[in-house]
Amino acid sequence: MRELAELQISASAVPGGVAFSGGWDACYRANLWSRIASRVLWRITEFGYRNEHDLYAAVRAIDWPRYFRVERTLRVNVTAQRSPLKSLEFATLRIKDAVCDRFREVLGKRPSVERANPDVRVHAFLEAERATLYLDTSGEPLFKRGWRTGAAEAPLRENLSAGIVALSGWTPEEPLMDPMCGAGTLLIEAAALARSRPPGAKRSFGFERLAPFDTALWERIKREPLGEERVPQLYGSDNDARALAAARRNLAEAGVERWVKVEQADVLERGAPAAAGVMVMNPPYGERMGSPEELARFYPRLGDALKQRFAGWRCYIFTADLRLPKLIRLEPSRRTPLWNGALECRLYEFNIVSGSHRR
Ligand SMILES: C[S@@+](CC[C@H](N)C(=O)[O-])C[C@H]1O[C@@H](n2cnc3c(N)ncnc32)[C@H](O)[C@@H]1O
């Protein structure tokens, strides 16, 4: 909501996201500038339903050729909460049939269905008695910024990384460091924020393939002056040379490499690059990245390293491992629940003060 307020869009919290109303300018700006959202959905209609016939009839009644051309490829996604329908797959099929039948009735032809890379995405959200239909103005989810080339183990999603940086309260005047930087996602998001780079500058959007697309307006919005361009002090390290190579490629592709100093180092040994600052990190988690026993041995050593070398720093550790506060032997000053896909996680805040907060 704060992000949208900065774009002069007033939004309200709704389950699973935020809602706002406005013109296409608001929609284009939200897509171009939101660092945290996954998608911007355009609510087309809402109706009561009891079964698949009701769904079909209500969707067929919509004037679909008004929304997109028949040459566009289509995908329908259905999500549900307490829906009485037995099969969401069948509901998806009926909604897709209704859209296609409407086209055929009016134009004598129908759009093709494309699962992997559709031009147009229709989302239906089914509740116990009501269905809401949306057109996706983002297309590919917004965390796909168009710069990721370097693959590394378990990179964080870009919008989750931007959210973690926002929750840390970091401002570009403070040094920021990620000593387990992997492919560099947290650093790239912080650099883009400091430089006022639009996160969507390198990609296309679903709204460009909808009938009401206003090219002139979009060109104008893309040319709007950016915010302040600050010079951040960003530091990244990782003990794995391959992860660092991926981070360097991604930083270059995102065009922010000159703002981030990266080096190969073990978090347990490296020193602080400044007397105070903000540390963000996402240690390995899960079988793929280290056994629970290995991590149980690693966390106390991490706690010691932070206490010995990072007094004066605010540290934010993002993990799904809820044993961390106990094992690291530092008292978190804040715990923020966050979801990483279906995985429940926490962002733990530790204010590192030499000699205190020891359990
Ligand atoms: C979950 S990944 C971080 C992903 C990163 N946030 C991203 O978005 O790409 C954890 C990283 O910690 C690194 N790592 C593991 N042990 C380390 C250590 N002792 N010192 C420094 N880095 C370490 C791994 O090489 C891996 O790249």
# chains A, B, ... in the order shown; residues from 1 in each chain; ligands from 1
>>> residues_near_ligand(ligand="ligand 1", cutoff="9 Å", atoms="only C-alpha atoms and all ligand atoms", output="PyMOL selection string")
chain A and resi 151-158+161+178-187+237-244+246-247+264-270+280-285+289-290+298+302+318-319
>>> write_last_selection(atoms="N, CA and C atoms", output="compact mmCIF listing (two decimals), in the first residue's frame")
# COMPACT_ATOMS: atom_id res chain seq x y z
N ALA A 151 22.05 -18.60 -13.12
CA ALA A 151 21.33 -19.51 -12.23
C ALA A 151 22.22 -19.84 -11.04
N ALA A 152 21.65 -19.90 -9.86
CA ALA A 152 22.37 -20.33 -8.66
C ALA A 152 21.39 -21.15 -7.85
N GLU A 153 21.87 -21.75 -6.78
CA GLU A 153 20.99 -22.55 -5.93
C GLU A 153 19.96 -21.65 -5.25
N ALA A 154 18.72 -22.06 -5.28
CA ALA A 154 17.64 -21.47 -4.49
C ALA A 154 17.62 -19.94 -4.44
N PRO A 155 17.57 -19.26 -5.59
CA PRO A 155 17.47 -17.80 -5.52
C PRO A 155 16.11 -17.39 -4.97
N LEU A 156 16.09 -16.27 -4.27
CA LEU A 156 14.82 -15.75 -3.78
C LEU A 156 14.10 -15.06 -4.93
N ARG A 157 12.78 -15.03 -4.86
CA ARG A 157 12.05 -14.26 -5.84
C ARG A 157 12.35 -12.78 -5.66
N GLU A 158 12.31 -12.08 -6.77
CA GLU A 158 12.66 -10.67 -6.75
C GLU A 158 11.71 -9.85 -5.88
N SER A 161 12.40 -10.51 -2.27
CA SER A 161 13.65 -9.83 -1.89
C SER A 161 13.40 -8.34 -1.66
N ASP A 178 24.93 -8.29 2.04
CA ASP A 178 24.40 -9.65 2.05
C ASP A 178 25.59 -10.60 1.99
N PRO A 179 25.96 -11.21 3.13
CA PRO A 179 27.16 -12.06 3.14
C PRO A 179 26.91 -13.49 2.68
N MET A 180 25.67 -13.80 2.25
CA MET A 180 25.38 -15.12 1.65
C MET A 180 24.56 -14.83 0.41
N CYS A 181 25.15 -14.06 -0.50
CA CYS A 181 24.34 -13.36 -1.52
C CYS A 181 23.85 -14.25 -2.64
N GLY A 182 24.39 -15.47 -2.79
CA GLY A 182 23.92 -16.34 -3.87
C GLY A 182 23.93 -15.59 -5.19
N ALA A 183 22.79 -15.62 -5.91
CA ALA A 183 22.71 -14.97 -7.22
C ALA A 183 22.52 -13.45 -7.11
N GLY A 184 22.50 -12.93 -5.88
CA GLY A 184 22.55 -11.47 -5.71
C GLY A 184 21.20 -10.76 -5.71
N THR A 185 20.11 -11.52 -5.53
CA THR A 185 18.79 -10.91 -5.70
C THR A 185 18.53 -9.75 -4.73
N LEU A 186 18.86 -9.94 -3.45
CA LEU A 186 18.59 -8.88 -2.46
C LEU A 186 19.38 -7.61 -2.81
N LEU A 187 20.63 -7.81 -3.26
CA LEU A 187 21.48 -6.66 -3.59
C LEU A 187 20.96 -5.92 -4.82
N SER A 237 28.78 -11.01 -0.55
CA SER A 237 29.80 -12.07 -0.60
C SER A 237 29.11 -13.41 -0.47
N ASP A 238 29.85 -14.43 -0.87
CA ASP A 238 29.36 -15.81 -0.80
C ASP A 238 30.62 -16.68 -0.82
N ASN A 239 30.54 -17.86 -0.24
CA ASN A 239 31.76 -18.69 -0.25
C ASN A 239 31.83 -19.59 -1.48
N ASP A 240 30.82 -19.51 -2.34
CA ASP A 240 30.78 -20.38 -3.50
C ASP A 240 31.06 -19.56 -4.77
N ALA A 241 32.16 -19.93 -5.46
CA ALA A 241 32.58 -19.16 -6.64
C ALA A 241 31.51 -19.17 -7.73
N ARG A 242 30.77 -20.28 -7.86
CA ARG A 242 29.76 -20.34 -8.93
C ARG A 242 28.60 -19.40 -8.64
N ALA A 243 28.22 -19.33 -7.35
CA ALA A 243 27.14 -18.41 -6.97
C ALA A 243 27.57 -16.98 -7.26
N LEU A 244 28.83 -16.66 -6.95
CA LEU A 244 29.32 -15.30 -7.19
C LEU A 244 29.34 -14.96 -8.66
N ALA A 246 27.31 -16.13 -10.86
CA ALA A 246 25.92 -15.87 -11.23
C ALA A 246 25.51 -14.48 -10.76
N ALA A 247 25.93 -14.12 -9.54
CA ALA A 247 25.59 -12.78 -9.01
C ALA A 247 26.17 -11.70 -9.91
N GLN A 264 34.48 -13.11 -2.80
CA GLN A 264 34.30 -14.46 -2.27
C GLN A 264 34.76 -14.48 -0.82
N ALA A 265 33.89 -14.87 0.07
CA ALA A 265 34.27 -14.92 1.49
C ALA A 265 33.30 -15.81 2.25
N ASP A 266 33.78 -16.34 3.35
CA ASP A 266 32.94 -17.13 4.25
C ASP A 266 32.32 -16.17 5.25
N VAL A 267 31.00 -16.27 5.42
CA VAL A 267 30.32 -15.35 6.36
C VAL A 267 30.90 -15.48 7.78
N LEU A 268 31.43 -16.65 8.09
CA LEU A 268 31.94 -16.86 9.44
C LEU A 268 33.30 -16.19 9.65
N GLU A 269 33.91 -15.76 8.55
CA GLU A 269 35.25 -15.17 8.68
C GLU A 269 35.35 -13.72 8.25
N ARG A 270 34.44 -13.27 7.39
CA ARG A 270 34.64 -11.94 6.81
C ARG A 270 34.37 -10.83 7.83
N VAL A 280 21.35 -8.15 5.34
CA VAL A 280 20.21 -9.01 5.00
C VAL A 280 20.80 -10.33 4.51
N MET A 281 20.16 -11.41 4.85
CA MET A 281 20.67 -12.69 4.32
C MET A 281 19.64 -13.79 4.42
N ASN A 282 19.87 -14.78 3.61
CA ASN A 282 18.95 -15.90 3.45
C ASN A 282 19.83 -17.14 3.40
N PRO A 283 20.16 -17.69 4.63
CA PRO A 283 21.05 -18.85 4.68
C PRO A 283 20.44 -20.05 3.97
N PRO A 284 21.26 -21.02 3.61
CA PRO A 284 20.73 -22.23 2.97
C PRO A 284 19.66 -22.85 3.86
N TYR A 285 18.69 -23.49 3.24
CA TYR A 285 17.68 -24.19 4.01
C TYR A 285 17.20 -25.38 3.22
N MET A 289 20.25 -27.92 0.40
CA MET A 289 21.27 -26.92 0.71
C MET A 289 22.05 -27.22 1.99
N GLY A 290 21.86 -28.38 2.58
CA GLY A 290 22.57 -28.65 3.83
C GLY A 290 21.63 -29.34 4.79
N PHE A 298 25.93 -24.81 12.22
CA PHE A 298 26.33 -23.55 11.59
C PHE A 298 25.77 -22.33 12.35
N LEU A 302 27.44 -18.71 13.35
CA LEU A 302 26.99 -17.47 12.70
C LEU A 302 26.71 -16.41 13.77
N PHE A 318 16.38 -14.16 6.80
CA PHE A 318 15.15 -14.73 6.27
C PHE A 318 15.33 -16.24 6.16
N THR A 319 14.45 -16.99 6.81
CA THR A 319 14.59 -18.44 6.77
C THR A 319 13.26 -19.14 7.06
>>> residues_around(residues="segment 204-206 of chain A", least_positions_apart="6", cutoff="6 Å", atoms="only C-alpha atoms", output="PyMOL selection string")
chain A and resi 137-139
>>> select_by_dssp(residues="segment 43-225 of chain A", states="strand (DSSP E)", output="ChimeraX atom specification")
/A:43-48,74-80,120-126,130-136,176-178
>>> write_last_selection(atoms="C-alpha atoms", output="tab-separated table (two decimals), in the first residue's frame")
chain	number	residue	atom	x	y	z
A	43	ARG	CA	-11.60	-6.98	-12.01
A	44	ILE	CA	-14.06	-7.53	-14.88
A	45	THR	CA	-17.11	-8.83	-13.05
A	46	GLU	CA	-18.42	-10.59	-9.97
A	47	PHE	CA	-21.47	-12.88	-9.83
A	48	GLY	CA	-23.23	-15.46	-7.71
A	74	LEU	CA	-5.63	-17.46	-23.99
A	75	ARG	CA	-5.14	-19.18	-20.67
A	76	VAL	CA	-7.65	-19.51	-17.84
A	77	ASN	CA	-6.54	-19.95	-14.21
A	78	VAL	CA	-8.95	-20.86	-11.45
A	79	THR	CA	-8.30	-20.59	-7.74
A	80	ALA	CA	-10.86	-21.37	-5.08
A	120	VAL	CA	-4.08	-13.08	-22.31
A	121	ARG	CA	-4.71	-14.60	-18.90
A	122	VAL	CA	-8.17	-14.78	-17.34
A	123	HIS	CA	-8.23	-15.50	-13.62
A	124	ALA	CA	-11.34	-16.72	-11.84
A	125	PHE	CA	-11.52	-16.72	-8.07
A	126	LEU	CA	-14.29	-18.93	-6.70
A	130	ARG	CA	-19.50	-15.81	-5.50
A	131	ALA	CA	-17.12	-15.85	-8.43
A	132	THR	CA	-14.88	-12.96	-9.45
A	133	LEU	CA	-13.32	-12.71	-12.88
A	134	TYR	CA	-10.12	-10.82	-13.61
A	135	LEU	CA	-7.99	-10.02	-16.65
A	136	ASP	CA	-4.29	-10.12	-15.86
A	176	LEU	CA	23.80	-2.70	3.10
A	177	MET	CA	25.40	-6.09	2.96
A	178	ASP	CA	24.40	-9.65	2.05
>>> atom_distance(atom1="atom CA of Thr149 of chain A", atom2="atom CA of Glu189 of chain A")
15.2 Å
>>> closest_atom_pairs(of="segment 8-43 of chain A", to="segment 226-232 of chain A", cutoff="12 Å", atoms="only C-alpha atoms", output="tab-separated table")
residue	atom	partner	partner_atom	distance
A:Arg29	CA	A:Leu226	CA	11.9
A:Leu32	CA	A:Leu226	CA	11.7
A:Trp33	CA	A:Leu226	CA	10.3
>>> closest_residue(among="A:Lys202, A:Lys326, A:Arg94, A:Arg301", to="Lys222 of chain A", atoms="only C-alpha atoms")
A:Lys202
>>> residues_around(residues="Pro175 of chain A", least_positions_apart="4", cutoff="6 Å", atoms="only C-alpha atoms", output="list in words")
Gln233, Leu234 and Gly277 of chain A
>>> select_by_dssp(residues="segment 114-251 of chain A", states="helix (DSSP H, G or I)", output="JSON, numbers by chain")
{"A": [158, 159, 160, 161, 162, 163, 164, 165, 166, 167, 185, 186, 187, 188, 189, 190, 191, 192, 193, 194, 206, 207, 208, 209, 215, 216, 217, 218, 219, 220, 221, 222, 241, 242, 243, 244, 245, 246, 247, 248, 249, 250, 251]}
>>> closest_residue(among="A:Trp259, A:Trp218, A:Phe90, A:Tyr316", to="Asn51 of chain A", atoms="only C-alpha atoms")
A:Phe90
>>> atom_distance(atom1="atom CA of Ser196 of chain A", atom2="atom CA of Pro225 of chain A")
9.9 Å
>>> residues_around(residues="Arg346 of chain A", least_positions_apart="4", cutoff="7 Å", atoms="only C-alpha atoms", output="PyMOL selection string")
chain A and resi 318-320+335-338
>>> closest_residue(among="A:Asn159, A:Ser112, A:Gln81, A:Ser168", to="Glu129 of chain A", atoms="only C-alpha atoms")
A:Gln81
>>> residues_around(residues="segment 321-325 of chain A", least_positions_apart="2", cutoff="9 Å", atoms="only C-alpha atoms", output="list in words")
Tyr285, Gly286, Pro292, Leu295, Ala296, Tyr299, Pro300, Phe318, Thr319, Leu327, Ile328, Arg329, Leu330, Glu331, Pro332, Cys345, Arg346 and Tyr348 of chain A
>>> write_last_selection(atoms="all heavy atoms", output="compact mmCIF listing (two decimals), in the first residue's frame")
# COMPACT_ATOMS: atom_id res chain seq x y z
N TYR A 285 18.69 -23.49 3.24
CA TYR A 285 17.68 -24.19 4.01
C TYR A 285 17.20 -25.38 3.22
O TYR A 285 17.06 -25.30 2.00
CB TYR A 285 16.50 -23.28 4.35
CG TYR A 285 15.40 -24.04 5.06
CD1 TYR A 285 15.60 -24.48 6.37
CD2 TYR A 285 14.22 -24.39 4.42
CE1 TYR A 285 14.63 -25.22 7.02
CE2 TYR A 285 13.24 -25.12 5.07
CZ TYR A 285 13.46 -25.54 6.36
OH TYR A 285 12.51 -26.27 7.01
N GLY A 286 16.93 -26.47 3.90
CA GLY A 286 16.36 -27.64 3.24
C GLY A 286 17.44 -28.63 2.84
O GLY A 286 18.61 -28.28 2.78
N PRO A 292 19.79 -30.68 8.27
CA PRO A 292 19.40 -29.98 9.50
C PRO A 292 20.53 -30.01 10.54
O PRO A 292 20.73 -29.03 11.26
CB PRO A 292 18.18 -30.77 9.99
CG PRO A 292 17.64 -31.45 8.78
CD PRO A 292 18.79 -31.69 7.86
N LEU A 295 23.15 -27.44 9.62
CA LEU A 295 22.67 -26.08 9.93
C LEU A 295 22.66 -25.84 11.44
O LEU A 295 22.98 -24.74 11.89
CB LEU A 295 21.26 -25.86 9.33
CG LEU A 295 21.25 -25.76 7.80
CD1 LEU A 295 19.83 -25.80 7.26
CD2 LEU A 295 21.95 -24.48 7.34
N ALA A 296 22.32 -26.87 12.20
CA ALA A 296 22.31 -26.72 13.66
C ALA A 296 23.72 -26.44 14.19
O ALA A 296 23.88 -25.79 15.22
CB ALA A 296 21.75 -27.99 14.31
N TYR A 299 24.51 -22.39 12.77
CA TYR A 299 23.86 -21.19 13.35
C TYR A 299 24.59 -20.62 14.58
O TYR A 299 24.78 -19.41 14.66
CB TYR A 299 22.39 -21.47 13.71
CG TYR A 299 21.49 -21.75 12.53
CD1 TYR A 299 20.52 -22.75 12.62
CD2 TYR A 299 21.57 -21.02 11.35
CE1 TYR A 299 19.67 -23.02 11.55
CE2 TYR A 299 20.72 -21.29 10.28
CZ TYR A 299 19.77 -22.29 10.39
OH TYR A 299 18.93 -22.56 9.35
N PRO A 300 25.03 -21.45 15.55
CA PRO A 300 25.73 -20.84 16.70
C PRO A 300 27.01 -20.12 16.27
O PRO A 300 27.35 -19.07 16.81
CB PRO A 300 26.06 -22.03 17.61
CG PRO A 300 25.37 -23.21 17.05
CD PRO A 300 24.83 -22.89 15.71
N PHE A 318 16.38 -14.16 6.80
CA PHE A 318 15.15 -14.73 6.27
C PHE A 318 15.33 -16.24 6.16
O PHE A 318 16.27 -16.71 5.50
CB PHE A 318 14.86 -14.14 4.88
CG PHE A 318 13.64 -14.72 4.24
CD1 PHE A 318 12.38 -14.39 4.71
CD2 PHE A 318 13.74 -15.61 3.18
CE1 PHE A 318 11.23 -14.93 4.14
CE2 PHE A 318 12.60 -16.16 2.61
CZ PHE A 318 11.35 -15.82 3.09
N THR A 319 14.45 -16.99 6.81
CA THR A 319 14.59 -18.44 6.77
C THR A 319 13.26 -19.14 7.06
O THR A 319 12.37 -18.57 7.67
CB THR A 319 15.64 -18.93 7.80
OG1 THR A 319 15.76 -20.36 7.70
CG2 THR A 319 15.25 -18.56 9.22
N LEU A 327 19.05 -21.51 18.06
CA LEU A 327 20.38 -22.02 17.76
C LEU A 327 21.42 -20.92 17.57
O LEU A 327 22.59 -21.12 17.84
CB LEU A 327 20.32 -22.92 16.52
CG LEU A 327 19.57 -24.24 16.73
CD1 LEU A 327 19.34 -24.95 15.41
CD2 LEU A 327 20.35 -25.15 17.69
N ILE A 328 20.98 -19.76 17.12
CA ILE A 328 21.95 -18.70 16.84
C ILE A 328 22.36 -18.01 18.17
O ILE A 328 23.35 -17.31 18.24
CB ILE A 328 21.37 -17.69 15.82
CG1 ILE A 328 22.48 -16.89 15.12
CG2 ILE A 328 20.37 -16.75 16.45
CD1 ILE A 328 22.00 -16.06 13.95
N ARG A 329 21.54 -18.24 19.20
CA ARG A 329 21.81 -17.73 20.54
C ARG A 329 21.89 -16.20 20.58
O ARG A 329 22.75 -15.62 21.21
CB ARG A 329 23.07 -18.38 21.13
CG ARG A 329 22.92 -19.91 21.17
CD ARG A 329 23.86 -20.56 22.14
NE ARG A 329 25.23 -20.19 21.96
CZ ARG A 329 26.19 -21.01 21.54
NH1 ARG A 329 25.91 -22.26 21.26
NH2 ARG A 329 27.42 -20.60 21.43
N LEU A 330 20.98 -15.58 19.82
CA LEU A 330 20.79 -14.13 19.87
C LEU A 330 19.28 -13.91 20.00
O LEU A 330 18.50 -14.71 19.49
CB LEU A 330 21.28 -13.46 18.59
CG LEU A 330 22.79 -13.48 18.31
CD1 LEU A 330 23.06 -13.08 16.86
CD2 LEU A 330 23.52 -12.54 19.27
N GLU A 331 18.90 -12.84 20.64
CA GLU A 331 17.47 -12.58 20.86
C GLU A 331 16.92 -11.72 19.73
O GLU A 331 17.36 -10.58 19.54
CB GLU A 331 17.31 -11.84 22.19
CG GLU A 331 15.88 -11.71 22.66
CD GLU A 331 15.25 -13.06 22.96
OE1 GLU A 331 15.79 -13.79 23.81
OE2 GLU A 331 14.22 -13.37 22.34
N PRO A 332 15.98 -12.24 18.91
CA PRO A 332 15.45 -11.39 17.84
C PRO A 332 14.63 -10.23 18.42
O PRO A 332 13.88 -10.42 19.38
CB PRO A 332 14.54 -12.32 17.04
CG PRO A 332 14.44 -13.58 17.77
CD PRO A 332 15.37 -13.57 18.94
N CYS A 345 7.78 -18.84 6.43
CA CYS A 345 9.13 -18.37 6.80
C CYS A 345 9.04 -17.26 7.83
O CYS A 345 7.95 -16.81 8.17
CB CYS A 345 9.84 -17.83 5.56
SG CYS A 345 10.07 -19.07 4.28
N ARG A 346 10.18 -16.84 8.30
CA ARG A 346 10.26 -15.68 9.19
C ARG A 346 11.39 -14.79 8.73
O ARG A 346 12.42 -15.28 8.25
CB ARG A 346 10.61 -16.11 10.63
CG ARG A 346 9.59 -16.96 11.33
CD ARG A 346 8.46 -16.13 11.92
NE ARG A 346 7.52 -16.98 12.63
CZ ARG A 346 6.61 -17.77 12.06
NH1 ARG A 346 6.53 -17.82 10.74
NH2 ARG A 346 5.79 -18.51 12.77
N TYR A 348 13.81 -12.57 10.73
CA TYR A 348 14.22 -12.26 12.10
C TYR A 348 15.10 -11.02 12.09
O TYR A 348 16.02 -10.92 11.26
CB TYR A 348 15.03 -13.42 12.70
CG TYR A 348 14.21 -14.68 12.90
CD1 TYR A 348 14.37 -15.78 12.06
CD2 TYR A 348 13.28 -14.77 13.94
CE1 TYR A 348 13.64 -16.94 12.24
CE2 TYR A 348 12.54 -15.94 14.12
CZ TYR A 348 12.72 -17.01 13.28
OH TYR A 348 11.98 -18.15 13.46
>>> closest_residue(among="A:Ala211, A:Ala58, A:Ala194, A:Ala216", to="Glu174 of chain A", atoms="only C-alpha atoms")
A:Ala194
>>> atom_distance(atom1="atom CA of Asp101 of chain A", atom2="atom CA of Val113 of chain A")
12.9 Å
>>> closest_residue(among="A:Asp25, A:Glu257, A:Glu173, A:Asp54", to="Val278 of chain A", atoms="only C-alpha atoms")
A:Glu173
>>> closest_residue(among="A:Ile36, A:Leu142, A:Ala19, A:Ile221", to="Gly163 of chain A", atoms="only C-alpha atoms")
A:Ile36
